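> Structure incoming, see below.
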Amino acid sequence: MIRTSLRQLEYFEALAETLHFGRAAALCGVTQPALSAQIAELEEVLGCRLFNRARRAVSLTEEGQILLPQATGILQSTRSFESSGRRPSTMQGRFRLGLIPTIAPYLLPPLLPVLRQSFPAFQLELREALTPHLTDALLAGEIDAFVAALPIEDRQMMATPLFDESFFLAVPASDPDFTAPPVPPDSPALERLMLLEEGHCLREQALAVCTQVKPVAMKRFGATSLTTLLQMVANGLGVTLIPEMAVASANTIAGLKIVPFAKPAPTRAIALFQRRNGLRRDECEKLAELIRETWGGETKQT
């Protein structure tokens, strides 16, 4: 009698995550025909189709959506069981890390080469998403940890502080309101502040910084990425808040100027979040140490 295998469940999980046979096969380290055959065999065992297959799109069927959480739970239990048996070895195997969009593009370029060189057996898988989505993914066992800004209140998670960074203000290079920085937090020019869309923690942080003025530009403009906001600023549509780690990249944008706030400058605290009862604590501590070292090295160079 043919039974469901863990390998088939891993392929099911990978295809559900990527919705692309080629990318799922690459994620699992197999050929696309091998993955397709195992998915087809799993569907035969279950007696239902898990995926809708179209020429240019793959999607979960209703049955697939129902069965996916069970498959994920089985795999998570298996991984936890295997991890318990090899606790002496750290920084090895698959590790799923999430990052928020205002951190990922700036932290990953210096961090990933260090990880590859120092821990070649550490198979890092990355997910970029907003804080609420990363929190849900962590608690569901879909990722092992994530990097985001404090505070996040949830008793099921624990936070390991990484570093604090200052905020700056991105303004049009020729703007006469910013010819004599630093910028006081009650500057009328902050009424032209543009914000990221709802759900981004940077939006709330910007509003917290500018408590003494009422931004009006945010009623007319919004963006889902900091890069888009900076392009809008460079073209004279307003000003926006920018974290310190994004300053080096922003300085390459024509028509943009980065100015400091008056002291004490506003800051944000970055942390690594993991499940309180998680089994990857050793890896999380080592990863946190590497992030601190990487960020420290970057700040000294910029």
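Residue numbering restarts at 1 for every chain of the structure tokens, chains are lettered A, B, ... in their displayed order, and ligands are numbered from 1 as they appear.
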Can you pull out every residue within 12 Å of Asp136 of chain A, counting only C-alpha atoms, but drop anything in the same chain fewer than 5 positions away, and send it as number ranges by chain?
A: 98, 129-131, 141-146, 154, 156-157, 273-275
> Using only C-alpha atoms, which protein or nucleic acid residues come within 6 Å of segment 230-247 of chain A? Drop anything in the same chain fewer than 5 positions from it, and give the result as number ranges by chain.
A: 165-172, 192-194, 255-256
> Distance atom CA of Ile103 of chain A-atom CA of Gln123 of chain A, one decimal place?
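For atom CA of Ile103 of chain A relative to atom CA of Gln123 of chain A, the distance reads 20.2 Å.
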> With only C-alpha atoms as the basis for distance, which of A:Cys48, A:Leu150, A:Leu138, A:Leu126 is at the shortest distance from Leu27 of chain A?
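Of all the options, A:Leu126 lies closest to Leu27 of chain A.
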> Counting only C-alpha atoms, which of A:Asp177, A:Asp164, A:Glu17, A:Glu128 gets nearest to Val58 of chain A?
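Using only C-alpha atoms, the shortest distance to Val58 of chain A belongs to A:Glu17.
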> Please identify all polymer residues within 10 Å of segment 64-79 of chain A, counting only C-alpha atoms, omitting same-chain residues fewer than 3 positions from it, and present them as a count of residues only.
26
> Quick one: DSSP strand (DSSP E) residues in segment 27-161 of chain A, as number ranges by chain?
A: 51-53, 58-60, 93-99, 122-128, 145-149, 157-161
> Would you kindly return, as a ChimeraX atom specification, each protein, DNA or RNA residue with an atom no farther than 12 Å from any atom of Pro105 of chain A, considering only C-alpha atoms and excluding same-chain residues fewer than 3 positions away?
/A:99-102,108-112,126-129,225-227,245-250
> What is the atom CA of Glu62 of chain A to atom CA of Gly47 of chain A distance in Å?
13.4 Å
> Using only C-alpha atoms, determine which residues lie at most 12 Å from Pro113 of chain A, disregarding the query and same-chain residues fewer than 5 positions distant; provide the list as a PyMOL selection string.
chain A and resi 107-108+118-120+122+124+290-291+294
> How about saving the chosen residues, N, CA, C and O atoms kept, as a PDB file, in the first residue's frame?

ATOM      1  N   LEU A 107      20.214  45.529   5.153  1.00  0.00           N
ATOM      2  CA  LEU A 107      20.962  44.640   6.042  1.00  0.00           C
ATOM      3  C   LEU A 107      21.491  43.415   5.307  1.00  0.00           C
ATOM      4  O   LEU A 107      22.597  42.947   5.593  1.00  0.00           O
ATOM      5  N   LEU A 108      20.730  42.889   4.359  1.00  0.00           N
ATOM      6  CA  LEU A 108      21.113  41.628   3.719  1.00  0.00           C
ATOM      7  C   LEU A 108      22.393  41.710   2.883  1.00  0.00           C
ATOM      8  O   LEU A 108      23.208  40.775   2.939  1.00  0.00           O
ATOM      9  N   SER A 118      31.260  32.205   6.813  1.00  0.00           N
ATOM     10  CA  SER A 118      31.464  31.686   8.166  1.00  0.00           C
ATOM     11  C   SER A 118      30.737  30.372   8.419  1.00  0.00           C
ATOM     12  O   SER A 118      31.233  29.527   9.165  1.00  0.00           O
ATOM     13  N   PHE A 119      29.568  30.207   7.796  1.00  0.00           N
ATOM     14  CA  PHE A 119      28.747  29.019   8.070  1.00  0.00           C
ATOM     15  C   PHE A 119      28.172  28.478   6.764  1.00  0.00           C
ATOM     16  O   PHE A 119      26.987  28.648   6.463  1.00  0.00           O
ATOM     17  N   PRO A 120      29.000  27.832   5.964  1.00  0.00           N
ATOM     18  CA  PRO A 120      28.543  27.340   4.655  1.00  0.00           C
ATOM     19  C   PRO A 120      27.434  26.297   4.741  1.00  0.00           C
ATOM     20  O   PRO A 120      26.702  26.098   3.766  1.00  0.00           O
ATOM     21  N   PHE A 122      24.889  26.537   6.715  1.00  0.00           N
ATOM     22  CA  PHE A 122      23.691  27.232   7.194  1.00  0.00           C
ATOM     23  C   PHE A 122      22.868  27.655   5.978  1.00  0.00           C
ATOM     24  O   PHE A 122      23.251  28.550   5.227  1.00  0.00           O
ATOM     25  N   LEU A 124      20.121  29.487   4.613  1.00  0.00           N
ATOM     26  CA  LEU A 124      19.203  30.570   4.967  1.00  0.00           C
ATOM     27  C   LEU A 124      18.149  30.741   3.877  1.00  0.00           C
ATOM     28  O   LEU A 124      18.461  30.868   2.698  1.00  0.00           O
ATOM     29  N   LEU A 290      26.031  38.033  14.743  1.00  0.00           N
ATOM     30  CA  LEU A 290      26.559  38.383  13.427  1.00  0.00           C
ATOM     31  C   LEU A 290      25.916  39.651  12.884  1.00  0.00           C
ATOM     32  O   LEU A 290      26.583  40.480  12.250  1.00  0.00           O
ATOM     33  N   ILE A 291      24.629  39.814  13.116  1.00  0.00           N
ATOM     34  CA  ILE A 291      23.941  41.031  12.652  1.00  0.00           C
ATOM     35  C   ILE A 291      24.508  42.254  13.349  1.00  0.00           C
ATOM     36  O   ILE A 291      24.746  43.294  12.722  1.00  0.00           O
ATOM     37  N   THR A 294      27.874  42.960  11.832  1.00  0.00           N
ATOM     38  CA  THR A 294      27.736  43.469  10.467  1.00  0.00           C
ATOM     39  C   THR A 294      27.267  44.910  10.472  1.00  0.00           C
ATOM     40  O   THR A 294      27.826  45.766   9.773  1.00  0.00           O
TER      41      THR A 294
END
> Based on the backbone DSSP call, show me all residues of segment 31-272 of chain A assigned helix (DSSP H, G or I), as a PyMOL selection string.
chain A and resi 32-46+62-84+104-118+131-139+176-178+188-192+201-209+217-219+226-234+244-250
> Any chance you could export the current selection's C-alpha atoms as an mmCIF file, in the first residue's frame?

data_model
loop_
_atom_site.group_PDB
_atom_site.id
_atom_site.type_symbol
_atom_site.label_atom_id
_atom_site.label_comp_id
_atom_site.auth_asym_id
_atom_site.auth_seq_id
_atom_site.Cartn_x
_atom_site.Cartn_y
_atom_site.Cartn_z
ATOM 1 C CA GLN A 32 11.168 19.864 -11.744
ATOM 2 C CA PRO A 33 9.977 16.514 -13.211
ATOM 3 C CA ALA A 34 10.856 14.751 -9.940
ATOM 4 C CA LEU A 35 8.872 17.257 -7.908
ATOM 5 C CA SER A 36 5.924 17.116 -10.315
ATOM 6 C CA ALA A 37 5.857 13.319 -10.147
ATOM 7 C CA GLN A 38 5.841 13.322 -6.344
ATOM 8 C CA ILE A 39 3.048 15.920 -6.217
ATOM 9 C CA ALA A 40 0.995 13.826 -8.671
ATOM 10 C CA GLU A 41 1.593 10.698 -6.558
ATOM 11 C CA LEU A 42 0.549 12.536 -3.405
ATOM 12 C CA GLU A 43 -2.661 13.683 -5.103
ATOM 13 C CA GLU A 44 -3.341 10.088 -6.130
ATOM 14 C CA VAL A 45 -2.864 8.848 -2.567
ATOM 15 C CA LEU A 46 -5.136 11.565 -1.184
ATOM 16 C CA GLU A 62 -9.953 24.199 -2.077
ATOM 17 C CA GLU A 63 -8.765 20.770 -0.918
ATOM 18 C CA GLY A 64 -5.163 21.974 -1.033
ATOM 19 C CA GLN A 65 -5.981 24.955 1.164
ATOM 20 C CA ILE A 66 -7.616 22.655 3.708
ATOM 21 C CA LEU A 67 -4.776 20.109 3.757
ATOM 22 C CA LEU A 68 -1.824 22.540 3.716
ATOM 23 C CA PRO A 69 -1.980 23.478 7.450
ATOM 24 C CA GLN A 70 -1.984 19.775 8.360
ATOM 25 C CA ALA A 71 1.029 19.117 6.150
ATOM 26 C CA THR A 72 2.851 22.123 7.609
ATOM 27 C CA GLY A 73 2.096 20.925 11.148
ATOM 28 C CA ILE A 74 3.469 17.453 10.409
ATOM 29 C CA LEU A 75 6.650 18.909 8.908
ATOM 30 C CA GLN A 76 7.124 21.341 11.780
ATOM 31 C CA SER A 77 6.798 18.513 14.325
ATOM 32 C CA THR A 78 9.270 16.410 12.344
ATOM 33 C CA ARG A 79 11.797 19.249 12.137
ATOM 34 C CA SER A 80 11.467 19.916 15.843
ATOM 35 C CA PHE A 81 12.003 16.224 16.564
ATOM 36 C CA GLU A 82 15.103 16.107 14.364
ATOM 37 C CA SER A 83 16.478 19.321 15.864
ATOM 38 C CA SER A 84 16.118 17.901 19.373
ATOM 39 C CA ALA A 104 15.867 43.728 4.284
ATOM 40 C CA PRO A 105 17.370 45.703 1.344
ATOM 41 C CA TYR A 106 19.984 47.366 3.565
ATOM 42 C CA LEU A 107 20.962 44.640 6.042
ATOM 43 C CA LEU A 108 21.113 41.628 3.719
ATOM 44 C CA PRO A 109 23.853 42.764 1.268
ATOM 45 C CA PRO A 110 26.560 42.966 3.971
ATOM 46 C CA LEU A 111 25.157 40.093 6.074
ATOM 47 C CA LEU A 112 24.737 37.316 3.507
ATOM 48 C CA PRO A 113 28.405 37.102 2.385
ATOM 49 C CA VAL A 114 29.496 36.867 6.046
ATOM 50 C CA LEU A 115 27.039 34.030 6.671
ATOM 51 C CA ARG A 116 28.107 32.130 3.556
ATOM 52 C CA GLN A 117 31.787 32.415 4.453
ATOM 53 C CA SER A 118 31.464 31.686 8.166
ATOM 54 C CA THR A 131 5.489 42.957 10.736
ATOM 55 C CA PRO A 132 1.954 41.526 11.265
ATOM 56 C CA HIS A 133 2.516 38.931 8.548
ATOM 57 C CA LEU A 134 5.900 37.930 9.950
ATOM 58 C CA THR A 135 4.415 37.608 13.436
ATOM 59 C CA ASP A 136 1.694 35.291 12.134
ATOM 60 C CA ALA A 137 4.247 33.262 10.158
ATOM 61 C CA LEU A 138 6.509 32.859 13.196
ATOM 62 C CA LEU A 139 3.721 31.685 15.469
ATOM 63 C CA PRO A 176 14.942 76.224 0.656
ATOM 64 C CA ASP A 177 13.276 75.068 3.900
ATOM 65 C CA PHE A 178 16.237 72.816 4.695
ATOM 66 C CA PRO A 188 6.360 73.447 9.810
ATOM 67 C CA ALA A 189 8.111 71.819 6.848
ATOM 68 C CA LEU A 190 7.218 68.423 8.352
ATOM 69 C CA GLU A 191 3.622 69.086 7.359
ATOM 70 C CA ARG A 192 4.768 67.930 3.909
ATOM 71 C CA CYS A 201 5.845 50.135 11.165
ATOM 72 C CA LEU A 202 7.872 53.020 9.689
ATOM 73 C CA ARG A 203 4.591 54.858 9.137
ATOM 74 C CA GLU A 204 3.756 54.716 12.846
ATOM 75 C CA GLN A 205 7.304 55.689 13.779
ATOM 76 C CA ALA A 206 7.129 58.722 11.496
ATOM 77 C CA LEU A 207 3.891 59.861 13.079
ATOM 78 C CA ALA A 208 5.409 59.375 16.537
ATOM 79 C CA VAL A 209 8.380 61.564 15.588
ATOM 80 C CA ALA A 217 0.921 65.428 2.412
ATOM 81 C CA MET A 218 0.048 61.930 3.626
ATOM 82 C CA LYS A 219 -3.563 62.582 2.621
ATOM 83 C CA LEU A 226 10.744 53.360 0.890
ATOM 84 C CA THR A 227 12.449 53.427 -2.516
ATOM 85 C CA THR A 228 9.280 54.779 -4.111
ATOM 86 C CA LEU A 229 8.899 57.407 -1.389
ATOM 87 C CA LEU A 230 12.470 58.603 -1.922
ATOM 88 C CA GLN A 231 11.871 58.978 -5.650
ATOM 89 C CA MET A 232 8.770 61.035 -4.884
ATOM 90 C CA VAL A 233 10.819 63.248 -2.560
ATOM 91 C CA ALA A 234 13.557 63.684 -5.171
ATOM 92 C CA GLU A 244 20.026 55.387 9.181
ATOM 93 C CA MET A 245 20.727 52.105 7.401
ATOM 94 C CA ALA A 246 19.083 53.450 4.223
ATOM 95 C CA VAL A 247 21.098 56.691 4.084
ATOM 96 C CA ALA A 248 24.014 55.345 2.009
ATOM 97 C CA SER A 249 21.642 54.064 -0.656
ATOM 98 C CA ALA A 250 19.564 57.268 -0.605
#
> In Å to one decimal, how far is atom CA of Phe95 of chain A from atom CA of Glu125 of chain A?
6.0 Å
> A:Leu195, A:Ala288, A:Ala14, A:Ile152: which is nearest Val30 of chain A, counting only C-alpha atoms?
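Nearest candidate to Val30 of chain A out of A:Leu195, A:Ala288, A:Ala14, A:Ile152: A:Ala14.
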